[in-house]
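Below: work_13.cif (mmCIF, C-alpha atoms)
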data_data
loop_
_atom_site.label_atom_id
_atom_site.label_comp_id
_atom_site.auth_asym_id
_atom_site.auth_seq_id
_atom_site.Cartn_x
_atom_site.Cartn_y
_atom_site.Cartn_z
CA MET S 1 200.96 157.71 142.54
CA SER S 2 200.45 157.94 146.32
CA THR S 3 198.01 155.76 148.27
CA ILE S 4 195.80 158.79 148.90
CA GLN S 5 195.73 159.65 145.19
CA SER S 6 194.90 156.04 144.30
CA THR S 7 192.03 156.02 146.77
CA LEU S 8 190.64 159.29 145.42
CA LYS S 9 190.87 158.00 141.86
CA ALA S 10 189.06 154.76 142.77
CA GLN S 11 186.38 156.76 144.56
CA ALA S 12 185.89 159.02 141.55
CA VAL S 13 185.54 156.08 139.16
CA THR S 14 183.08 154.08 141.24
CA ALA S 15 181.01 157.06 142.30
CA SER S 16 180.82 158.61 138.83
CA GLU S 17 179.67 155.37 137.24
CA LEU S 18 176.99 154.87 139.89
CA GLU S 19 175.93 158.49 139.53
CA ARG S 20 175.54 158.05 135.77
CA ARG S 21 173.32 155.00 136.21
CA LEU S 22 171.16 156.80 138.75
CA ARG S 23 170.74 159.86 136.53
CA GLU S 24 169.97 157.77 133.45
CA ARG S 25 167.77 155.45 135.53
CA THR S 26 169.61 152.41 134.23
CA ALA S 27 170.61 151.23 137.71
CA HIS S 28 169.32 147.88 138.95
CA VAL S 29 167.63 148.38 142.32
CA GLY S 30 167.12 145.59 144.84
CA ILE S 31 164.68 146.17 147.69
CA ILE S 32 164.81 143.82 150.66
CA GLY S 33 161.31 143.51 152.11
CA GLN S 34 158.14 143.75 150.01
CA GLY S 35 155.65 144.77 152.65
CA TYR S 36 153.72 148.01 153.15
CA VAL S 37 156.92 150.03 152.68
CA GLY S 38 159.05 148.06 150.23
CA LEU S 39 156.42 147.27 147.61
CA PRO S 40 155.14 150.83 147.01
CA LEU S 41 158.75 152.04 146.85
CA ALA S 42 159.62 149.29 144.36
CA VAL S 43 156.65 150.18 142.17
CA GLU S 44 157.49 153.91 142.20
CA LEU S 45 161.11 153.26 141.22
CA ALA S 46 160.04 150.84 138.49
CA ARG S 47 157.57 153.40 137.14
CA ALA S 48 160.45 155.88 136.92
CA GLY S 49 162.30 153.48 134.63
CA PHE S 50 164.58 151.56 136.98
CA THR S 51 164.78 147.79 136.88
CA VAL S 52 163.67 146.67 140.34
CA THR S 53 163.89 143.33 142.09
CA GLY S 54 161.91 142.87 145.29
CA LEU S 55 163.40 140.41 147.75
CA ASP S 56 161.20 138.79 150.40
CA THR S 57 161.51 135.73 152.62
CA ASP S 58 157.77 134.98 152.34
CA LEU S 59 157.52 132.55 149.43
CA GLY S 60 153.76 132.95 149.26
CA ARG S 61 154.11 136.70 148.93
CA VAL S 62 156.76 136.31 146.21
CA THR S 63 154.46 133.99 144.26
CA THR S 64 151.44 136.28 144.44
CA LEU S 65 153.49 139.36 143.52
CA ASN S 66 154.91 137.63 140.45
CA ALA S 67 151.34 136.69 139.53
CA GLY S 68 150.42 140.38 139.59
CA ARG S 69 148.45 140.34 142.84
CA SER S 70 149.23 143.09 145.32
CA HIS S 71 148.75 142.89 149.08
CA SER S 72 149.30 146.63 149.57
CA PRO S 73 146.44 149.16 149.60
CA ASP S 74 148.80 151.58 147.83
CA VAL S 75 149.55 149.33 144.84
CA ASP S 76 146.77 148.08 142.57
CA ASP S 77 147.02 144.85 140.63
CA GLY S 78 146.91 146.64 137.28
CA ALA S 79 149.96 148.77 138.01
CA LEU S 80 151.88 145.77 139.33
CA GLY S 81 150.95 143.64 136.34
CA ALA S 82 152.05 146.33 133.89
CA LEU S 83 155.48 146.58 135.50
CA LEU S 84 155.88 142.82 135.52
CA GLY S 85 154.94 142.69 131.85
CA ALA S 86 157.44 145.43 131.00
CA GLY S 87 160.23 143.61 132.82
CA ARG S 88 160.65 146.49 135.25
CA TYR S 89 159.77 144.52 138.37
CA GLN S 90 160.04 141.00 139.69
CA ALA S 91 159.95 139.43 143.14
CA THR S 92 162.27 136.75 144.44
CA ALA S 93 163.36 134.97 147.60
CA ASP S 94 166.88 134.44 146.27
CA SER S 95 169.27 136.86 147.97
CA SER S 96 172.04 136.15 145.44
CA VAL S 97 170.31 138.68 143.17
CA LEU S 98 171.73 141.46 145.37
CA ALA S 99 175.17 140.91 143.84
CA GLN S 100 173.73 142.15 140.53
CA CYS S 101 172.25 145.33 142.01
CA ASP S 102 173.66 148.82 141.83
CA VAL S 103 171.38 149.91 144.69
CA VAL S 104 170.17 147.92 147.68
CA ILE S 105 167.42 149.36 149.88
CA ILE S 106 166.48 147.68 153.17
CA CYS S 107 162.78 147.92 154.09
CA VAL S 108 162.24 145.26 156.73
CA PRO S 109 160.25 145.28 159.99
CA THR S 110 161.74 146.56 163.24
CA PRO S 111 159.40 145.28 165.96
CA LEU S 112 159.81 145.16 169.72
CA GLY S 113 160.81 142.03 171.60
CA LYS S 114 158.84 140.59 174.52
CA SER S 115 160.80 142.82 176.89
CA LYS S 116 159.85 145.90 174.77
CA ASP S 117 163.47 146.28 173.66
CA PRO S 118 164.27 146.86 169.95
CA ASP S 119 164.42 143.77 167.78
CA ILE S 120 166.65 144.57 164.82
CA SER S 121 167.13 140.93 163.81
CA PHE S 122 165.41 141.57 160.45
CA VAL S 123 167.69 144.54 159.76
CA LEU S 124 170.73 142.51 160.74
CA ALA S 125 169.72 139.61 158.46
CA ALA S 126 169.04 141.95 155.55
CA ALA S 127 172.31 143.83 156.07
CA GLU S 128 174.21 140.54 156.16
CA GLN S 129 172.60 139.55 152.85
CA ALA S 130 173.50 142.90 151.31
CA ALA S 131 177.08 142.74 152.57
CA ALA S 132 177.50 139.15 151.34
CA GLY S 133 176.46 140.31 147.86
CA PHE S 134 178.60 143.44 147.89
CA ARG S 135 180.36 144.53 144.75
CA PRO S 136 182.15 147.85 144.14
CA ALA S 137 180.06 150.92 143.29
CA GLN S 138 176.98 149.98 145.29
CA LEU S 139 174.61 152.33 147.11
CA VAL S 140 173.03 150.73 150.21
CA VAL S 141 170.22 152.59 151.96
CA LEU S 142 168.52 151.56 155.18
CA GLU S 143 164.88 152.72 155.40
CA SER S 144 163.71 150.61 158.34
CA THR S 145 162.98 152.67 161.45
CA THR S 146 165.62 152.01 164.08
CA TYR S 147 167.59 153.51 166.94
CA PRO S 148 170.15 156.28 166.29
CA GLY S 149 173.50 154.79 165.37
CA THR S 150 172.30 151.65 163.58
CA THR S 151 173.70 152.55 160.16
CA GLN S 152 177.16 153.26 161.51
CA GLU S 153 177.27 150.63 164.24
CA VAL S 154 175.64 147.71 162.39
CA LEU S 155 175.96 148.21 158.63
CA VAL S 156 179.47 149.63 158.44
CA PRO S 157 181.24 146.70 160.21
CA LEU S 158 179.38 144.14 158.08
CA PHE S 159 180.55 145.72 154.83
CA GLU S 160 184.06 146.30 156.11
CA ALA S 161 184.25 142.59 156.95
CA GLN S 162 183.62 141.88 153.24
CA GLY S 163 186.48 144.15 152.21
CA ALA S 164 184.21 147.04 151.27
CA ARG S 165 185.37 150.59 151.94
CA PRO S 166 182.40 152.67 153.13
CA GLY S 167 182.35 155.99 151.35
CA VAL S 168 184.78 154.74 148.70
CA ASP S 169 183.28 151.75 146.90
CA VAL S 170 180.14 151.18 148.97
CA PHE S 171 177.95 154.17 149.75
CA LEU S 172 175.87 153.85 152.91
CA ALA S 173 172.94 156.05 153.89
CA PHE S 174 169.80 156.14 156.00
CA SER S 175 166.54 157.50 154.60
CA PRO S 176 163.53 156.85 156.85
CA GLU S 177 160.38 155.44 155.32
CA ARG S 178 157.32 157.67 155.60
CA ILE S 179 154.65 155.43 154.11
CA ASP S 180 151.12 155.98 155.40
CA PRO S 181 149.17 152.97 154.07
CA ALA S 182 145.92 153.76 152.26
CA ASN S 183 146.48 157.52 152.44
CA PRO S 184 144.98 158.82 149.16
CA THR S 185 146.64 162.23 149.52
CA PHE S 186 150.25 161.31 150.22
CA ALA S 187 151.79 158.50 148.18
CA VAL S 188 155.52 157.76 147.94
CA LYS S 189 156.11 160.46 145.33
CA ASP S 190 154.33 163.12 147.38
CA ILE S 191 156.30 162.77 150.62
CA PRO S 192 159.66 164.54 151.05
CA LYS S 193 162.60 162.24 151.74
CA VAL S 194 165.20 162.84 154.43
CA VAL S 195 168.65 161.45 153.64
CA GLY S 196 171.67 161.10 155.89
CA GLY S 197 174.83 159.66 154.34
CA LEU S 198 177.92 158.23 155.98
CA THR S 199 179.94 160.71 153.91
CA PRO S 200 178.92 163.67 151.72
CA GLU S 201 179.37 161.41 148.67
CA CYS S 202 177.08 158.78 150.20
CA ALA S 203 174.44 161.40 150.93
CA ALA S 204 174.69 162.89 147.43
CA LEU S 205 174.19 159.54 145.72
CA ALA S 206 171.25 158.57 147.95
CA ALA S 207 169.66 161.98 147.38
CA LEU S 208 170.14 161.58 143.63
CA LEU S 209 168.34 158.24 143.72
CA TYR S 210 165.32 159.59 145.57
CA ARG S 211 165.14 162.73 143.43
CA GLN S 212 164.19 160.46 140.54
CA ILE S 213 160.85 159.77 142.25
CA VAL S 214 160.35 162.50 144.87
CA ASP S 215 160.19 166.25 144.31
CA ARG S 216 161.86 167.25 147.57
CA VAL S 217 164.87 165.55 149.17
CA VAL S 218 166.31 166.98 152.40
CA THR S 219 169.93 166.05 153.12
CA VAL S 220 171.04 166.06 156.75
CA SER S 221 174.53 165.84 158.17
CA SER S 222 174.62 162.16 159.14
CA PRO S 223 172.65 158.90 159.27
CA ARG S 224 172.26 159.40 163.03
CA VAL S 225 170.36 162.67 162.44
CA ALA S 226 168.09 160.99 159.89
CA GLU S 227 167.47 158.04 162.22
CA LEU S 228 166.58 160.36 165.09
CA ALA S 229 164.36 162.56 162.89
CA LYS S 230 162.19 159.57 162.05
CA LEU S 231 161.85 158.61 165.70
CA TYR S 232 161.01 162.17 166.68
CA GLU S 233 158.24 162.30 164.05
CA ASN S 234 156.48 159.40 165.71
CA VAL S 235 157.28 160.46 169.28
CA PHE S 236 155.53 163.72 168.39
CA ARG S 237 152.45 161.83 167.25
CA ASN S 238 152.54 159.45 170.20
CA VAL S 239 152.72 162.25 172.77
CA ASN S 240 149.97 164.29 171.13
CA ILE S 241 147.67 161.28 170.78
CA ALA S 242 148.23 160.61 174.49
CA LEU S 243 147.25 164.20 175.23
CA ALA S 244 144.07 163.78 173.17
CA ASN S 245 143.30 160.52 174.97
CA GLU S 246 143.76 162.13 178.36
CA LEU S 247 141.56 165.01 177.23
CA ALA S 248 138.85 162.46 176.38
CA LEU S 249 138.99 161.14 179.95
CA MET S 250 138.73 164.67 181.33
CA CYS S 251 135.89 165.63 178.98
CA ARG S 252 133.89 162.63 180.10
CA GLN S 253 134.32 163.75 183.70
CA LEU S 254 133.17 167.25 182.74
CA GLY S 255 130.29 166.10 180.55
CA VAL S 256 131.39 167.74 177.30
CA SER S 257 132.19 166.43 173.81
CA THR S 258 135.90 165.79 173.25
CA ARG S 259 135.64 166.33 169.51
CA GLU S 260 133.75 169.56 169.92
CA VAL S 261 136.53 170.85 172.19
CA ILE S 262 139.29 169.79 169.78
CA GLN S 263 137.53 171.18 166.72
CA ALA S 264 136.96 174.48 168.49
CA ALA S 265 140.66 174.67 169.41
CA ALA S 266 141.58 173.78 165.81
CA THR S 267 140.02 177.00 164.53
CA LYS S 268 143.15 178.78 165.78
CA PRO S 269 145.17 179.33 162.58
CA PHE S 270 148.59 179.04 164.24
CA GLY S 271 150.29 177.15 167.04
CA PHE S 272 147.85 174.24 167.13
CA MET S 273 147.49 170.89 165.35
CA PRO S 274 144.46 168.67 166.07
CA PHE S 275 144.92 165.11 167.30
CA TYR S 276 141.97 162.92 168.23
CA PRO S 277 141.42 160.21 170.85
CA GLY S 278 140.98 156.53 170.11
CA PRO S 279 141.01 153.05 171.65
CA GLY S 280 144.81 153.03 171.84
CA ILE S 281 147.80 153.11 169.51
CA GLY S 282 148.67 150.56 166.87
CA GLY S 283 150.55 149.84 163.69
CA HIS S 284 154.22 149.47 162.98
CA CYS S 285 155.22 153.04 163.88
CA ILE S 286 153.54 154.99 166.67
CA GLY S 287 153.29 152.13 169.14
CA VAL S 288 156.83 150.91 168.46
CA ASP S 289 159.21 153.66 167.36
CA PRO S 290 159.26 155.75 170.56
CA ALA S 291 160.48 152.67 172.45
CA TYR S 292 163.54 152.55 170.17
CA LEU S 293 164.53 156.05 171.23
CA ALA S 294 163.73 155.46 174.91
CA TRP S 295 165.84 152.27 174.85
CA ARG S 296 168.78 154.02 173.19
CA MET S 297 168.68 156.88 175.68
CA ARG S 298 168.46 154.47 178.60
CA LEU S 299 171.84 153.10 177.47
CA ASN S 300 173.11 156.66 177.93
CA GLY S 301 171.66 156.83 181.44
CA TYR S 302 168.80 159.10 180.44
CA GLU S 303 165.08 158.38 180.96
CA ALA S 304 162.77 159.78 178.28
CA ARG S 305 159.93 160.86 180.58
CA PHE S 306 157.52 162.18 177.95
CA ILE S 307 157.80 158.94 175.98
CA HIS S 308 157.10 156.82 179.05
CA LEU S 309 154.14 158.93 180.16
CA ALA S 310 152.58 158.94 176.68
CA ASP S 311 153.03 155.19 176.45
CA GLU S 312 151.38 154.73 179.84
CA ILE S 313 148.33 156.79 178.83
CA ASN S 314 147.92 155.26 175.38
CA ARG S 315 148.31 151.69 176.58
CA ALA S 316 145.61 152.24 179.20
CA MET S 317 143.02 153.15 176.56
CA PRO S 318 141.87 149.60 175.66
CA GLN S 319 140.94 149.00 179.31
CA TYR S 320 139.22 152.39 179.41
CA VAL S 321 137.11 151.38 176.38
CA VAL S 322 136.13 148.12 178.10
CA ASP S 323 135.18 150.03 181.25
CA LEU S 324 133.19 152.48 179.14
CA VAL S 325 131.25 149.64 177.50
CA SER S 326 130.61 148.03 180.87
CA GLU S 327 129.51 151.30 182.48
CA THR S 328 127.20 152.12 179.56
CA LEU S 329 125.61 148.67 179.67
CA ASN S 330 125.17 148.93 183.44
CA GLY S 331 123.28 152.17 182.87
CA ARG S 332 120.84 150.10 180.86
CA ARG S 333 120.60 147.41 183.54
CA ARG S 334 122.64 145.04 181.40
CA CYS S 335 125.73 143.17 182.59
CA LEU S 336 128.86 142.92 180.45
CA ASN S 337 129.10 139.24 181.38
CA GLY S 338 126.96 137.52 178.76
CA ALA S 339 126.36 140.66 176.68
CA ARG S 340 126.40 140.33 172.89
CA ILE S 341 129.01 142.73 171.51
CA LEU S 342 129.60 143.49 167.83
CA ALA S 343 133.04 145.03 167.27
CA LEU S 344 133.39 147.06 164.08
CA GLY S 345 136.94 147.01 162.73
CA ILE S 346 140.02 145.29 164.12
CA ALA S 347 142.75 146.77 161.89
CA TYR S 348 144.96 149.40 163.49
CA LYS S 349 143.68 152.14 161.15
CA ARG S 350 140.91 152.78 158.66
CA GLY S 351 141.08 151.41 155.14
CA VAL S 352 143.76 148.75 155.70
CA GLY S 353 143.93 145.14 156.81
CA ASP S 354 147.02 145.55 158.99
CA THR S 355 146.40 144.35 162.56
CA ARG S 356 149.91 144.84 163.92
CA GLU S 357 149.75 146.23 167.45
CA SER S 358 146.05 146.99 166.90
CA PRO S 359 144.36 148.14 170.12
CA ALA S 360 141.11 146.59 168.86
CA LEU S 361 142.52 143.13 169.52
CA GLU S 362 143.22 143.98 173.15
CA VAL S 363 139.75 145.50 173.59
CA ILE S 364 138.11 142.37 172.19
CA ALA S 365 140.28 140.06 174.30
CA ARG S 366 139.44 142.01 177.47
CA LEU S 367 135.72 142.03 176.65
CA MET S 368 135.82 138.26 176.21
CA ASP S 369 137.75 137.84 179.45
CA ARG S 370 134.92 139.71 181.17
CA GLY S 371 132.41 137.20 179.81
CA ALA S 372 131.05 139.07 176.80
CA SER S 373 130.14 137.24 173.60
CA VAL S 374 132.05 139.15 170.90
CA THR S 375 131.82 138.97 167.13
CA TYR S 376 133.62 141.32 164.77
CA ALA S 377 133.18 142.80 161.31
CA ASP S 378 136.06 144.08 159.20
CA PRO S 379 135.99 144.21 155.39
CA HIS S 380 139.80 144.04 155.29
CA VAL S 381 140.40 141.23 157.81
CA PRO S 382 138.32 138.12 157.04
CA GLU S 383 139.76 136.11 159.93
CA ILE S 384 142.16 136.62 162.82
CA ALA S 385 144.01 134.57 165.42
CA PHE S 386 145.25 136.30 168.57
CA ALA S 387 145.62 135.67 172.30
CA GLY S 388 144.72 132.01 171.87
CA ARG S 389 141.52 132.86 170.00
CA ALA S 390 140.47 132.40 166.37
CA LEU S 391 137.65 134.52 164.97
CA LYS S 392 136.05 135.02 161.57
CA ALA S 393 134.47 138.24 160.39
CA VAL S 394 130.70 138.56 160.13
CA GLU S 395 128.50 140.73 157.94
CA VAL S 396 126.99 143.90 159.39
CA THR S 397 123.34 143.00 158.81
CA ASP S 398 120.30 144.80 160.22
CA GLU S 399 119.48 141.66 162.20
CA ARG S 400 122.94 141.42 163.73
CA LEU S 401 122.89 145.10 164.67
CA ALA S 402 119.48 144.77 166.29
CA GLU S 403 120.36 141.70 168.31
CA SER S 404 123.61 143.14 169.68
CA ASP S 405 123.51 144.63 173.16
CA CYS S 406 126.32 147.00 172.14
CA VAL S 407 128.11 147.87 168.90
CA VAL S 408 131.66 149.11 169.48
CA ILE S 409 133.36 151.06 166.70
CA LEU S 410 137.06 150.28 167.03
CA THR S 411 138.24 151.09 163.49
CA ASP S 412 136.39 153.64 161.40
CA HIS S 413 136.55 151.86 158.03
CA PRO S 414 134.90 153.90 155.26
CA GLU S 415 132.96 150.84 154.13
CA PHE S 416 130.70 150.92 157.20
CA ASP S 417 127.34 152.69 156.88
CA TYR S 418 127.39 154.58 160.16
CA ALA S 419 123.97 156.17 159.76
CA ARG S 420 122.42 152.73 159.37
CA ILE S 421 124.49 151.35 162.23
CA VAL S 422 123.24 154.04 164.60
CA GLU S 423 119.67 153.68 163.39
CA ARG S 424 119.55 149.88 163.76
CA SER S 425 121.55 149.48 166.99
CA ALA S 426 120.31 149.73 170.55
CA LEU S 427 123.66 151.08 171.78
CA VAL S 428 126.84 152.28 170.04
CA VAL S 429 130.16 153.04 171.71
CA ASP S 430 132.17 155.06 169.22
CA THR S 431 135.93 155.19 169.92
CA ARG S 432 136.87 156.84 166.59
CA GLY S 433 134.46 159.74 166.12
CA ALA S 434 132.82 157.98 163.19
CA THR S 435 129.34 159.10 164.26
CA HIS S 436 130.29 162.63 165.28
CA ALA S 437 128.71 164.28 162.22
CA LEU S 438 125.45 162.33 162.55
CA ALA S 439 122.37 163.55 164.35
CA ALA S 440 122.58 160.54 166.64
CA PRO S 441 120.35 160.14 169.71
CA ALA S 442 122.42 160.95 172.79
CA ASP S 443 120.95 157.99 174.68
CA ARG S 444 122.11 155.51 172.04
CA VAL S 445 125.60 156.72 171.12
CA VAL S 446 128.49 157.14 173.56
CA ALA S 447 131.70 158.57 172.11
CA LEU S 448 135.22 159.20 173.37
#
Could you show the structure in this file as structure tokens?
Amino acid sequence: MSTIQSTLKAQAVTASELERRLRERTAHVGIIGQGYVGLPLAVELARAGFTVTGLDTDLGRVTTLNAGRSHSPDVDDGALGALLGAGRYQATADSSVLAQCDVVIICVPTPLGKSKDPDISFVLAAAEQAAAGFRPAQLVVLESTTYPGTTQEVLVPLFEAQGARPGVDVFLAFSPERIDPANPTFAVKDIPKVVGGLTPECAALAALLYRQIVDRVVTVSSPRVAELAKLYENVFRNVNIALANELALMCRQLGVSTREVIQAAATKPFGFMPFYPGPGIGGHCIGVDPAYLAWRMRLNGYEARFIHLADEINRAMPQYVVDLVSETLNGRRRCLNGARILALGIAYKRGVGDTRESPALEVIARLMDRGASVTYADPHVPEIAFAGRALKAVEVTDERLAESDCVVILTDHPEFDYARIVERSALVVDTRGATHALAAPADRVVAL
């Protein structure tokens, strides 16, 4: 038998066995990272019948997960407890478990460094763990958002160094996460998955895995296409949010309501998608992902001008909010220095407790730097430490509303009673459109 024939035979054996386990849902799945992405994915796969092990470096998180307590708004304690009781899910900090897994999925953070360059150290560490535990007939999927080329340039050499043959006995693919925390309409099972495999066999196996939990799987020609598709999704949002933010600045100059303009435009049934202004961009995607693409293109000698301009506009919004508060107070013969400000919400989006890259933190820090006395309320974030400050959340009482010189809505959590807030407050600056539907007095509510 020739070398080529031997290779093809080995590929057929390893791939067919893995395919059988995926179809029958008897495969053991290991998911590295049990945060906002990894935990909901683990629960969905476990619900489908797979045995799932969640790996995380946070020992406290591992302990609470194994006790049946979820930190994710998309996973309730009851569902987690049921899967633990059925033996379908467990959490661990021991990476040696990966050697027992048929599938390894990497769902770790990809933040920016201090210089705003990509920091893929978590991906590298996770990939090293996966490669160290490699055994033949494994599917390894990277879900963490990253720059185009990561799967081929980072994962492939690590597995080859362990004697693995990508596309033969280890099957590598990229399938970008699309989790939107606390979105009641689109859970893991409702969102189509894009899959790009190193080889057609890699792509087919990854697609087979995701078809067990998702109705629609879209296979693209390579991991690089899948990596770039994810970045483009969030560049699209970043650019359009910047446009909405700039529109808010122009509408204020023209004396018209930004939301009224956008909602009027949104009546067009084709060629338009509404985006709304806010105090800035935040979270682990929109404020971070475009920089990964801009950085990668800079290596190619190309400057991504739209990305840079959108970033410039969006990152100027926290200062604009501070100036708006100051200007509004001045109109009432009140100075920002010494003013009592109640900030409502400090998470990056409504309904969650995630403060990563939250523009609310920058707004609060800048208000304090200008001499304002700031307290905050957030039902999802009981306390916070940032920029050398430590704050604890307060209750939104009638007394606290009345004594505040200005209430600033920075995150439109559904738990807030906005009608009462407007009624009891002397002045409200609304950066999220939370009061738009209310019949609020124009002299008391200022909105973006």
Long-range neighbours of region 282-298 of chain S as a PyMOL selection string, 9 Å cut-off, only C-alpha atoms, 2 positions minimum in chain:
chain S and resi 109-112+116-118+145-148+228+230-232+234-235+237-238+280+300-305+307-308+311+314-315+347-349+354-360
Need to verify the contact set: region 423-425 of chain S, 12 Å, all atoms listed in the file, exclusion of same-chain residues closer than 5 positions in sequence. Can you return it as a list in words?
Arg340, Ile341, Leu342, Val396, Thr397, Asp398, Glu399, Arg400, Leu401, Ala402, Glu403, Ser404, Asp405, Cys406, Val407, Val408, Ile409, Asp417, Tyr418, Thr435, Leu438, Ala439, Ala440, Pro441, Asp443, Arg444 and Val445 of chain S
Please list as a ChimeraX atom specification every residue within 6 Å of region 177-192 of chain S, counting only C-alpha atoms and excluding residues in the same chain fewer than 4 positions away.
/S:73-74,143,213-214,216-217
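Note that the spacing between CA of Leu249 (chain S) and CA of Gly371 (chain S) amounts to 24.8 Å.
From CA of Lys268 (chain S) back to CA of Leu247 (chain S), the distance works out to 18.0 Å.
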Return as number ranges by chain the set of residues that the PyMOL selection byres ((chain S and resi 212) around 10) yields on the displayed structure.
S: 22-25, 44-45, 48-50, 189, 207-211, 213-215
Near-Ala226 (chain S) list (9 Å; all atoms listed in the file; drop same-chain fewer than 2 positions) as a ChimeraX atom specification:
/S:148,174-176,194-197,219-224,228-231
Restricting to only C-alpha atoms, whichever of S:Lys392, S:Arg420, S:His28, S:Arg332 is closest to Gln90 (chain S) is S:His28
Point-to-point distance from CA of Ala206 (chain S) to CA of Ile120 (chain S), Å rounded to tenths
22.4 Å
Ranking S:Arg21, S:Arg69, S:Arg88, S:Arg165 by minimum distance to Thr51 (chain S) and counting all atoms listed in the file, which one comes first?
S:Arg88
Excluding region 123-129 of chain S and its own-chain neighbours fewer than 4 positions away, which residues fall within 9 Å of it when counting only C-alpha atoms? Please give them as a ChimeraX atom specification.
/S:32-33,95-96,98,106-110,119,133-134,142,144,146,154-155,158-159
What residues come out when you apply the PyMOL selection byres ((chain S and resi 339) around 6) to this file, written as a ChimeraX atom specification?
/S:336-338,340,372-373
Just write the chosen residues, C-alpha atoms, as a PDB file, in the coordinates of the input.
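Once everything was written out, this is result15.pdb:
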ATOM      1  CA  LEU S 336     128.860 142.920 180.450  1.00  0.00           C
ATOM      2  CA  ASN S 337     129.100 139.240 181.380  1.00  0.00           C
ATOM      3  CA  GLY S 338     126.960 137.520 178.760  1.00  0.00           C
ATOM      4  CA  ARG S 340     126.400 140.330 172.890  1.00  0.00           C
ATOM      5  CA  ALA S 372     131.050 139.070 176.800  1.00  0.00           C
ATOM      6  CA  SER S 373     130.140 137.240 173.600  1.00  0.00           C
TER       7      SER S 373
END
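Restricting the calculation to only C-alpha atoms, the smallest distance between Arg432 (chain S) and any of S:Val394, S:Ile281, S:Leu84, S:Met368 is found for S:Ile281.
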Could you tell me which residues the PyMOL selection byres ((chain S and resi 59) around 12) grabs in this file, written as a short mmCIF file (atom, residue, chain, number, x, y, z; two decimals) with C-alpha atoms, in the coordinates of the input?
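Contents of the output file expr_29.cif:
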data_model
loop_
_atom_site.label_atom_id
_atom_site.label_comp_id
_atom_site.auth_asym_id
_atom_site.auth_seq_id
_atom_site.Cartn_x
_atom_site.Cartn_y
_atom_site.Cartn_z
CA GLY S 33 161.31 143.51 152.11
CA GLN S 34 158.14 143.75 150.01
CA GLY S 54 161.91 142.87 145.29
CA LEU S 55 163.40 140.41 147.75
CA ASP S 56 161.20 138.79 150.40
CA THR S 57 161.51 135.73 152.62
CA ASP S 58 157.77 134.98 152.34
CA GLY S 60 153.76 132.95 149.26
CA ARG S 61 154.11 136.70 148.93
CA VAL S 62 156.76 136.31 146.21
CA THR S 63 154.46 133.99 144.26
CA THR S 64 151.44 136.28 144.44
CA LEU S 65 153.49 139.36 143.52
CA ASN S 66 154.91 137.63 140.45
CA ALA S 91 159.95 139.43 143.14
CA THR S 92 162.27 136.75 144.44
CA ALA S 93 163.36 134.97 147.60
CA ASP S 94 166.88 134.44 146.27
#
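With all atoms listed in the file as the atoms that count, the residue of S:Ala161, S:Ala82, S:Val429, S:Thr267 with the shortest distance to Ser326 (chain S) is S:Val429.
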Taking only C-alpha atoms into account, name the residue in S:Ile346, S:Leu41, S:Val381, S:Val446 that is nearest to Glu327 (chain S).
S:Val446
